[in-house]
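Shown here: target.txt, compact mmCIF, C-alpha atoms.
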```txt
# COMPACT_ATOMS: atom_id res chain seq x y z
CA MET A 46 -21.99 -2.53 -20.38
CA ALA A 47 -25.61 -1.59 -20.78
CA GLY A 48 -27.07 -1.06 -24.24
CA GLY A 49 -27.87 2.44 -25.46
CA ASP A 50 -31.24 2.11 -27.20
CA GLN A 51 -33.98 3.24 -24.87
CA SER A 52 -36.74 1.53 -26.84
CA LYS A 53 -35.11 -1.88 -26.47
CA PRO A 54 -37.08 -4.19 -24.13
CA GLY A 55 -35.23 -4.97 -20.95
CA ASP A 56 -33.29 -1.71 -21.18
CA VAL A 57 -34.68 -0.52 -17.87
CA THR A 58 -33.44 -3.67 -16.15
CA ILE A 59 -30.01 -3.41 -17.71
CA TRP A 60 -29.56 0.15 -16.44
CA ARG A 61 -30.96 -0.73 -13.04
CA ASN A 62 -28.45 -3.55 -12.64
CA PHE A 63 -25.58 -1.56 -14.07
CA LEU A 64 -26.09 1.40 -11.75
CA ARG A 65 -26.50 -0.78 -8.68
CA ARG A 66 -23.42 -2.81 -9.50
CA TYR A 67 -21.38 0.34 -10.14
CA ARG A 68 -22.48 1.90 -6.86
CA PHE A 69 -21.96 -1.23 -4.79
CA THR A 70 -18.54 -2.14 -6.16
CA ASN A 71 -17.35 1.43 -5.69
CA ASN A 72 -19.15 1.96 -2.39
CA ILE A 73 -20.88 5.12 -3.59
CA LYS A 74 -24.13 6.37 -2.09
CA GLN A 75 -27.05 7.36 -4.33
CA ALA A 76 -26.63 10.98 -3.28
CA ALA A 77 -22.94 10.98 -4.26
CA LEU A 78 -23.66 9.43 -7.65
CA ALA A 79 -26.47 11.94 -8.19
CA ASP A 80 -24.02 14.72 -7.35
CA ASP A 81 -21.43 13.37 -9.81
CA LEU A 82 -24.06 13.20 -12.57
CA GLY A 83 -25.74 16.50 -11.73
CA VAL A 84 -29.18 14.99 -11.09
CA THR A 85 -31.33 14.57 -7.99
CA GLN A 86 -31.00 11.56 -5.74
CA ALA A 87 -34.67 10.81 -6.50
CA MET A 88 -33.75 10.39 -10.16
CA VAL A 89 -31.01 7.87 -9.36
CA SER A 90 -33.48 6.06 -7.15
CA ARG A 91 -36.03 5.88 -10.01
CA TRP A 92 -33.41 4.45 -12.39
CA GLU A 93 -32.41 1.85 -9.81
CA SER A 94 -35.98 0.82 -9.08
CA GLY A 95 -36.39 0.11 -12.77
CA ALA A 96 -39.19 2.66 -13.12
CA VAL A 97 -37.42 4.57 -15.91
CA SER A 98 -34.14 4.37 -17.74
CA PRO A 99 -31.77 7.34 -18.07
CA ALA A 100 -32.21 9.65 -21.07
CA ALA A 101 -29.78 9.12 -23.96
CA ALA A 102 -27.51 12.05 -23.01
CA MET A 103 -27.45 10.86 -19.40
CA GLN A 104 -26.55 7.33 -20.53
CA ASP A 105 -23.43 8.83 -22.15
CA ARG A 106 -22.59 10.64 -18.92
CA ILE A 107 -23.00 7.48 -16.88
CA ARG A 108 -20.80 5.54 -19.30
CA ALA A 109 -18.18 8.28 -19.14
CA LEU A 110 -18.25 8.26 -15.34
CA ALA A 111 -18.29 4.49 -14.85
CA GLY A 112 -15.87 3.90 -17.72
CA ALA A 113 -13.45 6.43 -16.29
CA SER A 114 -13.62 4.82 -12.89
CA GLU A 115 -12.92 1.40 -14.38
CA ALA A 116 -9.95 2.75 -16.33
CA MET A 117 -8.46 4.32 -13.22
CA ALA A 118 -9.95 1.64 -10.96
CA SER A 119 -9.92 3.98 -7.97
CA PRO A 120 -8.58 7.23 -6.63
CA LEU A 121 -5.76 5.36 -4.89
CA VAL A 122 -3.57 5.62 -7.95
CA GLY A 123 -3.85 8.82 -9.93
CA TRP A 124 -2.70 12.22 -8.76
CA ARG A 125 -5.28 14.20 -10.72
CA GLN A 126 -8.22 12.52 -9.05
CA HIS A 127 -6.58 13.19 -5.70
CA VAL A 128 -6.47 16.91 -6.53
CA ALA A 129 -10.11 16.92 -7.72
CA ALA A 130 -11.32 15.37 -4.45
CA GLN A 131 -9.43 17.77 -2.16
CA PRO A 132 -11.64 19.55 0.39
CA GLY A 133 -9.18 22.47 0.36
CA MET A 134 -8.37 24.85 -2.49
CA ALA A 135 -6.28 23.06 -5.10
CA ALA A 136 -5.86 23.08 -8.87
CA VAL A 137 -3.75 21.73 -11.70
CA VAL A 138 -2.79 24.54 -14.08
CA ASN A 139 -0.90 24.12 -17.35
CA ALA A 140 1.81 26.33 -18.87
CA ASP A 141 -0.83 28.28 -20.82
CA GLY A 142 -2.47 29.27 -17.55
CA VAL A 143 -5.49 27.04 -18.14
CA ILE A 144 -7.02 25.35 -15.08
CA GLU A 145 -7.17 21.67 -16.05
CA THR A 146 -8.40 20.27 -12.73
CA ALA A 147 -10.13 22.10 -9.89
CA SER A 148 -10.69 20.70 -6.41
CA ARG A 149 -14.01 20.46 -4.59
CA GLY A 150 -12.68 23.05 -2.16
CA LEU A 151 -11.83 25.52 -4.94
CA ALA A 152 -15.27 25.06 -6.51
CA ARG A 153 -16.81 25.72 -3.09
CA GLU A 154 -14.81 28.91 -2.55
CA LEU A 155 -15.52 30.20 -6.07
CA GLU A 156 -19.17 29.18 -5.79
CA LEU A 157 -18.95 27.71 -9.28
CA PRO A 158 -19.40 24.12 -10.46
CA ARG A 159 -16.11 22.41 -11.40
CA GLY A 160 -17.20 22.32 -15.04
CA ARG A 161 -17.22 26.10 -15.15
CA ILE A 162 -13.72 26.39 -13.68
CA GLU A 163 -11.92 23.65 -15.59
CA GLY A 164 -10.87 24.77 -19.05
CA GLN A 165 -10.83 28.44 -17.99
CA GLY A 166 -7.69 30.56 -18.02
CA ILE A 167 -6.41 31.99 -14.73
CA GLY A 168 -6.85 35.47 -16.22
CA SER A 169 -10.47 34.93 -17.23
CA LEU A 170 -11.47 33.91 -13.68
CA PHE A 171 -9.14 36.03 -11.56
CA ALA A 172 -7.62 39.49 -11.49
CA GLY A 173 -4.70 40.80 -9.46
CA ASP A 174 -2.35 38.67 -7.37
CA LEU A 175 -3.07 35.27 -8.90
CA VAL A 176 -2.44 36.61 -12.41
CA SER A 177 0.80 38.25 -11.33
CA LEU A 178 1.82 35.01 -9.59
CA TYR A 179 1.30 33.14 -12.89
CA ASN A 180 3.40 35.77 -14.70
CA THR A 181 6.17 35.39 -12.09
CA LEU A 182 6.13 31.60 -12.53
CA ILE A 183 6.46 31.99 -16.29
CA ALA A 184 9.28 34.55 -15.94
CA LYS A 185 11.21 32.35 -13.49
CA GLY A 186 11.04 29.21 -15.63
CA PHE A 187 8.63 27.31 -13.35
CA PHE A 188 7.20 25.33 -16.27
CA ASP A 189 10.73 24.44 -17.42
CA GLY A 190 11.37 22.86 -14.03
CA ALA A 191 13.57 25.67 -12.64
CA LEU A 192 11.76 25.91 -9.28
CA GLU A 193 11.31 23.37 -6.50
CA SER A 194 8.42 25.20 -4.82
CA VAL A 195 6.82 28.59 -4.31
CA GLU A 196 5.07 29.87 -1.22
CA SER A 197 2.81 32.89 -1.55
CA ALA A 198 0.41 35.29 0.12
CA ASP A 199 -2.22 36.32 -2.42
CA VAL A 200 -5.44 38.23 -2.45
CA TYR A 201 -7.88 36.33 -4.66
CA CYS A 202 -10.07 38.68 -6.70
CA PHE A 203 -12.55 37.71 -9.36
CA ALA A 204 -11.95 39.05 -12.88
CA ARG A 205 -15.63 39.88 -13.17
CA PRO A 206 -16.59 41.55 -9.91
CA ARG A 207 -19.41 39.81 -8.06
CA LYS A 208 -21.93 41.57 -5.93
CA ASN A 209 -21.47 39.40 -2.85
CA ARG A 210 -17.75 39.06 -2.26
CA ASP A 211 -14.19 38.27 -3.26
CA ILE A 212 -12.32 35.35 -1.72
CA GLY A 213 -9.73 37.54 -0.04
CA PRO A 214 -6.33 36.66 1.43
CA VAL A 215 -5.01 33.16 0.71
CA HIS A 216 -1.84 31.37 1.81
CA GLY A 217 -0.56 29.38 -1.16
CA LEU A 218 1.95 26.61 -1.76
CA HIS A 219 2.84 25.70 -5.32
CA TRP A 220 5.05 23.09 -6.89
CA PRO A 221 5.71 21.62 -10.33
CA HIS A 222 4.32 18.20 -11.20
CA ARG A 223 5.58 16.41 -14.27
CA ALA A 224 2.50 14.82 -15.82
CA GLU A 225 2.21 11.72 -17.99
CA ASP A 226 2.93 13.77 -21.13
CA ASN A 227 6.24 14.81 -19.49
CA ARG A 228 5.15 18.46 -19.33
CA VAL A 229 5.24 20.38 -16.08
CA ARG A 230 1.94 21.33 -14.45
CA TRP A 231 1.45 23.90 -11.71
CA MET A 232 0.06 22.27 -8.57
CA LEU A 233 -1.69 25.10 -6.82
CA THR A 234 -2.83 24.68 -3.22
CA GLY A 235 -4.13 27.23 -0.78
CA ALA A 236 -6.20 28.10 2.23
CA ARG A 237 -7.96 31.29 3.26
CA ILE A 238 -6.28 33.21 6.04
CA SER A 239 -7.13 36.25 8.15
CA GLN A 240 -5.91 39.73 7.23
CA THR A 241 -3.53 39.64 10.23
CA ASP A 242 -2.02 36.28 9.16
CA PHE A 243 -1.78 37.62 5.61
CA GLU A 244 0.21 40.65 6.68
CA SER A 245 2.64 38.65 8.78
CA LEU A 246 3.03 36.08 5.98
CA ARG A 247 3.90 38.85 3.51
CA ARG A 248 6.61 40.05 5.88
CA GLU A 249 7.90 36.52 6.35
CA LEU A 250 8.03 35.85 2.60
CA GLY A 251 9.53 39.28 1.85
CA GLY A 252 6.73 40.10 -0.60
CA GLN A 253 3.98 38.26 -2.43
CA ALA A 254 5.95 35.08 -3.12
CA GLU A 255 9.09 33.30 -2.03
CA LEU A 256 10.65 31.11 -4.70
CA THR A 257 12.81 28.09 -3.95
CA ALA A 258 15.04 27.08 -6.86
CA GLN A 259 15.57 23.48 -7.87
CA ASP A 260 19.03 22.33 -6.71
CA MET B 261 15.47 18.63 6.89
CA SER B 262 12.77 16.86 8.82
CA ALA B 263 13.48 14.23 11.44
CA PRO B 264 12.76 10.65 10.33
CA LEU B 265 9.35 9.22 11.08
CA PRO B 266 9.27 7.35 14.38
CA THR B 267 9.19 3.60 13.90
CA ILE B 268 6.19 1.70 15.17
CA ASP B 269 4.79 -1.78 15.06
CA VAL B 270 3.03 -1.92 11.72
CA GLN B 271 -0.08 -3.94 11.15
CA ALA B 272 0.58 -6.73 8.66
CA ILE B 273 0.22 -5.45 5.12
CA HIS B 274 -2.32 -7.36 3.07
CA TRP B 275 -0.26 -8.03 -0.06
CA PRO B 276 -3.03 -9.54 -2.22
CA SER B 277 -5.00 -6.25 -1.93
CA VAL B 278 -1.97 -4.05 -2.44
CA ILE B 279 -0.79 -5.90 -5.54
CA ARG B 280 -4.17 -6.46 -7.15
CA HIS B 281 -5.23 -2.90 -6.52
CA TYR B 282 -2.09 -1.44 -8.00
CA ARG B 283 -2.25 -3.72 -11.02
CA LEU B 284 -5.92 -3.05 -11.81
CA SER B 285 -5.70 0.68 -11.25
CA LYS B 286 -2.86 0.79 -13.76
CA GLY B 287 -4.84 -1.48 -16.10
CA LEU B 288 -2.06 -4.10 -16.18
CA LYS B 289 -2.44 -7.82 -16.82
CA GLN B 290 -0.64 -10.14 -14.39
CA ALA B 291 1.92 -10.91 -17.11
CA ALA B 292 2.73 -7.22 -17.59
CA LEU B 293 3.23 -6.58 -13.87
CA ALA B 294 5.33 -9.75 -13.65
CA HIS B 295 7.49 -8.45 -16.48
CA ASP B 296 7.93 -5.05 -14.76
CA LEU B 297 8.99 -6.77 -11.55
CA GLY B 298 11.15 -9.39 -13.24
CA VAL B 299 9.19 -12.39 -11.96
CA THR B 300 6.92 -15.01 -13.55
CA GLN B 301 3.18 -14.53 -13.99
CA THR B 302 2.65 -17.58 -11.77
CA MET B 303 4.39 -15.71 -8.96
CA VAL B 304 2.09 -12.67 -9.31
CA SER B 305 -0.88 -15.00 -9.33
CA ARG B 306 0.35 -16.66 -6.11
CA TRP B 307 0.81 -13.30 -4.39
CA GLU B 308 -2.70 -12.23 -5.35
CA SER B 309 -4.24 -15.45 -4.13
CA ALA B 310 -2.28 -15.19 -0.86
CA THR B 311 -0.49 -18.50 -1.41
CA ALA B 312 2.88 -16.68 -1.41
CA ILE B 313 4.24 -13.43 0.06
CA PRO B 314 6.52 -11.22 -2.03
CA SER B 315 10.17 -10.96 -0.98
CA ALA B 316 11.44 -7.87 0.85
CA ARG B 317 12.99 -6.59 -2.38
CA ILE B 318 9.70 -6.90 -4.27
CA GLN B 319 7.77 -5.34 -1.38
CA ALA B 320 10.04 -2.29 -1.50
CA ARG B 321 9.73 -2.13 -5.29
CA LEU B 322 5.91 -2.26 -5.14
CA PHE B 323 5.85 0.58 -2.62
CA ASP B 324 8.14 2.60 -4.88
CA LEU B 325 5.75 2.01 -7.79
CA TYR B 326 2.84 3.22 -5.67
CA TRP B 327 4.84 6.24 -4.64
CA ALA B 328 5.72 7.10 -8.24
CA SER B 329 2.02 6.93 -9.17
CA GLN B 330 1.14 9.47 -6.46
CA ALA B 331 3.98 11.97 -6.43
CA SER B 332 6.88 13.07 -8.60
CA VAL B 333 9.20 13.91 -5.69
CA SER B 334 11.02 11.88 -3.07
CA ARG B 335 9.33 11.06 0.23
CA ASP B 336 11.66 13.48 2.08
CA VAL B 337 10.65 16.39 -0.14
CA TRP B 338 7.01 15.36 0.25
CA LEU B 339 7.20 15.32 4.06
CA ASP B 340 8.92 18.69 4.01
CA ARG B 341 6.18 20.04 1.75
CA ILE B 342 3.46 18.82 4.11
CA GLU B 343 4.97 20.90 6.90
CA ARG B 344 4.56 24.04 4.79
CA HIS B 345 1.13 23.14 3.38
CA PRO B 346 -1.53 25.87 3.82
CA ALA B 347 -4.45 23.41 4.11
CA VAL B 348 -5.13 20.87 6.88
CA VAL B 349 -2.71 18.03 6.09
CA GLY B 350 -1.61 15.38 8.54
CA VAL B 351 0.23 12.07 8.46
CA ILE B 352 -1.02 9.55 11.01
CA ASN B 353 0.55 6.15 11.62
CA ALA B 354 -1.10 2.81 12.30
CA ALA B 355 -0.99 3.45 16.03
CA GLY B 356 -3.08 6.61 15.58
CA ARG B 357 -0.18 8.94 16.27
CA MET B 358 0.22 12.19 14.33
CA VAL B 359 3.70 12.15 12.83
CA ARG B 360 3.33 15.26 10.66
CA ALA B 361 1.04 18.26 10.82
CA SER B 362 0.94 21.02 8.21
CA ARG B 363 1.08 24.71 8.87
CA GLY B 364 -2.59 24.94 7.87
CA PHE B 365 -3.44 22.18 10.36
CA CYS B 366 -1.77 24.19 13.14
CA ARG B 367 -3.42 27.42 11.98
CA THR B 368 -6.88 25.82 11.93
CA PHE B 369 -6.53 24.70 15.54
CA ASP B 370 -4.55 27.76 16.61
CA CYS B 371 -1.53 25.84 17.94
CA ASP B 372 2.06 25.08 16.94
CA ARG B 373 3.44 21.83 15.48
CA HIS B 374 4.34 20.50 18.91
CA GLY B 375 0.72 20.84 19.92
CA LEU B 376 -0.09 18.14 17.32
CA GLU B 377 2.94 16.08 16.26
CA GLY B 378 3.76 13.10 18.43
CA ARG B 379 0.28 13.08 19.98
CA TYR B 380 -2.37 10.42 19.51
CA LEU B 381 -5.44 11.50 17.58
CA HIS B 382 -7.85 10.19 20.21
CA GLU B 383 -5.96 12.01 22.96
CA ALA B 384 -5.59 15.37 21.18
CA PHE B 385 -9.11 15.44 19.73
CA GLU B 386 -12.54 14.80 21.12
CA GLY B 387 -15.32 14.16 18.61
CA ASP B 388 -15.56 12.41 15.27
CA TRP B 389 -11.87 11.73 14.58
CA ALA B 390 -11.44 9.03 17.22
CA GLY B 391 -14.25 7.04 15.62
CA LEU B 392 -12.86 7.85 12.17
CA TYR B 393 -9.49 6.36 13.11
CA ASP B 394 -11.20 3.25 14.50
CA THR B 395 -13.27 2.82 11.33
CA LEU B 396 -10.35 3.36 8.95
CA ALA B 397 -8.14 0.98 10.95
CA ALA B 398 -10.93 -1.62 11.09
CA SER B 399 -11.49 -1.20 7.32
CA GLY B 400 -7.82 -2.05 6.82
CA LEU B 401 -6.39 1.32 5.73
CA PHE B 402 -3.01 0.49 7.31
CA GLU B 403 -3.03 -2.93 5.65
CA GLY B 404 -3.64 -1.56 2.15
CA ARG B 405 -7.32 -2.53 1.94
CA VAL B 406 -8.74 0.99 1.65
CA SER B 407 -8.58 3.04 -1.51
CA SER B 408 -9.85 6.33 -0.09
CA ALA B 409 -12.38 7.78 2.31
CA GLU B 410 -14.19 11.06 2.63
CA SER B 411 -15.66 12.41 5.84
CA MET B 412 -17.31 15.43 7.42
CA ASP B 413 -16.24 15.69 11.03
CA THR B 414 -16.72 17.95 14.01
CA VAL B 415 -13.78 17.80 16.40
CA THR B 416 -12.66 19.56 19.55
CA PHE B 417 -8.93 20.06 19.93
CA HIS B 418 -7.44 19.81 23.41
CA ASP B 419 -4.37 22.02 23.47
CA ARG B 420 -1.56 21.12 25.85
CA ASP B 421 -2.36 24.28 27.85
CA GLY B 422 -5.92 23.04 28.47
CA ALA B 423 -7.64 25.29 25.89
CA ARG B 424 -10.33 23.71 23.68
CA ARG B 425 -11.23 24.66 20.13
CA THR B 426 -14.01 23.11 18.03
CA ARG B 427 -13.91 23.01 14.22
CA HIS B 428 -15.83 21.39 11.36
CA VAL B 429 -13.36 19.69 9.02
CA HIS B 430 -14.17 18.17 5.62
CA GLY B 431 -11.55 15.47 5.10
CA LEU B 432 -10.13 13.26 2.36
CA HIS B 433 -8.23 10.19 3.54
CA ARG B 434 -5.78 8.01 1.64
CA PRO B 435 -3.07 5.52 2.36
CA SER B 436 0.47 6.62 1.65
CA PHE B 437 3.25 4.12 1.03
CA LEU B 438 6.45 4.71 3.00
CA PRO B 439 9.60 2.62 3.29
CA GLY B 440 9.48 -0.10 5.89
CA PRO B 441 7.22 -1.05 4.21
CA GLU B 442 4.74 1.03 6.16
CA ILE B 443 1.32 2.36 5.19
CA VAL B 444 0.35 5.65 6.83
CA TRP B 445 -2.86 7.66 6.73
CA LEU B 446 -2.68 10.90 4.77
CA LEU B 447 -5.43 13.21 5.99
CA SER B 448 -6.07 16.31 3.92
CA GLY B 449 -8.89 18.66 4.66
CA ALA B 450 -10.34 22.09 5.07
CA GLU B 451 -12.22 23.84 7.83
CA VAL B 452 -15.80 24.57 6.74
CA SER B 453 -18.83 26.46 8.02
CA GLU B 454 -21.87 24.79 9.56
CA ARG B 455 -23.82 25.34 6.35
CA VAL B 456 -21.13 23.61 4.27
CA ARG B 457 -20.94 20.81 6.84
CA ASP B 458 -24.64 20.13 6.35
CA ASP B 459 -24.26 20.18 2.54
CA VAL B 460 -21.35 17.74 2.63
CA ARG B 461 -23.15 15.40 5.03
CA ALA B 462 -26.16 15.39 2.72
CA ARG B 463 -23.97 14.53 -0.27
CA LEU B 464 -22.12 11.79 1.61
CA GLY B 465 -25.38 10.45 2.99
CA GLY B 466 -23.83 10.54 6.45
CA GLN B 467 -20.56 11.32 8.13
CA LEU B 468 -18.26 9.00 6.21
CA ILE B 469 -17.77 7.10 2.95
CA VAL B 470 -15.02 4.48 2.78
CA ARG B 471 -13.99 3.19 -0.63
CA LYS B 472 -12.32 -0.18 -0.34
CA ALA B 473 -9.44 -1.30 -2.48
CA ILE B 474 -10.32 -4.02 -4.97
```

Now, as a test, write the supplied structure out as structure tokens.
Amino acid sequence: MAGGDQSKPGDVTIWRNFLRRYRFTNNIKQAALADDLGVTQAMVSRWESGAVSPAAAMQDRIRALAGASEAMASPLVGWRQHVAAQPGMAAVVNADGVIETASRGLARELELPRGRIEGQGIGSLFAGDLVSLYNTLIAKGFFDGALESVESADVYCFARPRKNRDIGPVHGLHWPHRAEDNRVRWMLTGARISQTDFESLRRELGGQAELTAQD
Amino acid sequence: MSAPLPTIDVQAIHWPSVIRHYRLSKGLKQAALAHDLGVTQTMVSRWESATAIPSARIQARLFDLYWASQASVSRDVWLDRIERHPAVVGVINAAGRMVRASRGFCRTFDCDRHGLEGRYLHEAFEGDWAGLYDTLAASGLFEGRVSSAESMDTVTFHDRDGARRTRHVHGLHRPSFLPGPEIVWLLSGAEVSERVRDDVRARLGGQLIVRKAI
């Protein structure tokens, strides 16, 4: 692992080698690494050419990113990382209604970076159907493992109205996932649908949500 | 309940990759994995160096361990869930045949399940997916050599009635470990606009990123 002191001679070389090795062993492009770190691709390129070394705070971020990837080795094993990388709308929500993991697709639809979604409560981001769905799950013992799955037709509305738009009608499928701490998480998945599909789905489900009990 | 997956000739699974990858992603030493499987460390070492092949019982057990690390339900429940999934989700076998297609997959291409399931990807779609299948197969996805891949594809669906529909699909691709032992391709994705397609391509630095297993 590269040393942290920027004034140390050879530091630039250490970071250059570390970043290159990390990218090559994980087959990650400069642009993708830049995206993960929230910097420009040009910045990654400068670090890797040995022109400059990353600032102290960025060194911590790189360590966190590379360290995490070594601990998990790859997205092949690890359900949470699989959720985070989903192109569609997906999230891991805990029993308190807090979004622990948000997918790329959800971030795209909400037009918010993942960091501003994760850690937020359902009720602080959304109003309406998604909040009532959470309340239904609580009431029906979803987090105690009472349900096998839930299918829903929801209209996604932001809690704080935005000038441009709401997300609108979404077809959802939800199931419990028992995490490493043995507590149930809500696996939320969804896709936007047309108003016509939404109306027929509501008829099919007999309301906002159809619950399937665990046998 | 869903019909069983059709059986096909599976490409040989590359056990050194499968075992090493599982072990390292769980952060286990050879001795610890050997203990879990009830074998000696020497045996694990031989499997990983390709000087021995695990027995059928161990192969099944390794696939079960992989499964448990990905999902907390049985494979039957999982396949049933895929059928109802709102996003684009498909299961494709080593021969390139679509064995499951989600409701969202059908909705995206405006067809029913029979328009997709049982068909070959390169026959049902024109565009980037044929090349994607070739690349993933050549990279060893069905042998257990690929960890995951991400792609941004434009594809034209050929419906059985002759209609054609073009969509931009942002996809995430992973191996899934079924009994057999058989590795299938789990495609999950979402339809995106042209603007999003361009953003994703810029981030990927192209159409596709393949992350190899260790």

Between CA of Ala272 in chain B and CA of Ile443 in chain B, distance in Å (one decimal): 9.8 Å

Range 340-351 of chain B surroundings by all atoms listed in the file, 8 Å radius, close-in-sequence under 2 positions cut, as a PyMOL selection string: (chain A and resi 133-134+216-218+234-236) or (chain B and resi 261-262+336-338+353+358-366+368+444-451)

How close does chain B get to chain A? List, as a Markdown table, each residue of chain B within 8 Å, its nearest atom pair and the distance in Å to one decimal, counting only C-alpha atoms.
```
| residue | atom | partner | partner_atom | distance |
| --- | --- | --- | --- | --- |
| B:His281 | CA | A:Ala118 | CA | 7.9 |
| B:Tyr282 | CA | A:Val122 | CA | 7.2 |
| B:Leu284 | CA | A:Ala118 | CA | 6.2 |
| B:Ser285 | CA | A:Ala118 | CA | 4.4 |
| B:Lys286 | CA | A:Met117 | CA | 6.6 |
| B:Gly287 | CA | A:Ala116 | CA | 6.6 |
| B:Tyr326 | CA | A:Val122 | CA | 7.2 |
| B:Ser329 | CA | A:Val122 | CA | 5.9 |
| B:Gln330 | CA | A:Trp124 | CA | 5.3 |
| B:Ala331 | CA | A:Trp124 | CA | 7.1 |
| B:Ser332 | CA | A:His222 | CA | 6.3 |
| B:Arg344 | CA | A:Leu218 | CA | 7.5 |
| B:His345 | CA | A:Leu218 | CA | 6.3 |
| B:Pro346 | CA | A:Ala236 | CA | 5.4 |
| B:Ala347 | CA | A:Ala236 | CA | 5.3 |
| B:Val348 | CA | A:Gly133 | CA | 7.8 |
| B:Gly364 | CA | A:Ala236 | CA | 7.4 |
| B:Ser407 | CA | A:Leu121 | CA | 5.0 |
| B:Ser408 | CA | A:Leu121 | CA | 6.4 |
| B:His430 | CA | A:Pro132 | CA | 6.0 |
| B:Gly431 | CA | A:Pro132 | CA | 6.2 |
| B:Leu432 | CA | A:Gln131 | CA | 6.4 |
| B:Arg434 | CA | A:Leu121 | CA | 7.0 |
| B:Pro435 | CA | A:Leu121 | CA | 7.7 |
| B:Ser448 | CA | A:Gln131 | CA | 7.1 |
| B:Gly449 | CA | A:Pro132 | CA | 5.2 |
| B:Ala450 | CA | A:Gly133 | CA | 4.9 |
| B:Ala462 | CA | A:Ala76 | CA | 7.5 |
| B:Arg463 | CA | A:Ala76 | CA | 5.4 |
| B:Leu464 | CA | A:Ala77 | CA | 6.0 |
| B:Gly465 | CA | A:Ala76 | CA | 6.4 |
| B:Ile469 | CA | A:Ile73 | CA | 7.5 |
| B:Val470 | CA | A:Asn72 | CA | 7.1 |
| B:Arg471 | CA | A:Asn72 | CA | 5.6 |
| B:Lys472 | CA | A:Asn72 | CA | 7.4 |
| B:Ala473 | CA | A:Ser119 | CA | 7.6 |
```

May I have the centre and edge lengths, in Å to one decimal, of an axis-aligned box around the listed atoms of range 197-211 of chain A with 3 Å added to every side, as JSON?
```
{"center_x": -9.6, "center_y": 37.2, "center_z": -6.5, "size_x": 30.7, "size_y": 14.7, "size_z": 19.3}
```

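For Val57 in chain A, the list of residues within 7 Å, based on only C-alpha atoms and with local chain neighbours fewer than 4 positions off taken out, reads Arg61, Gly95, Val97 and Ser98 of chain A.
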
Two-atom distance - CA of Ala147 in chain A, CA of Glu163 in chain A (Å):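 Answer for the CA of Ala147 in chain A to CA of Glu163 in chain A separation: 6.2 Å.
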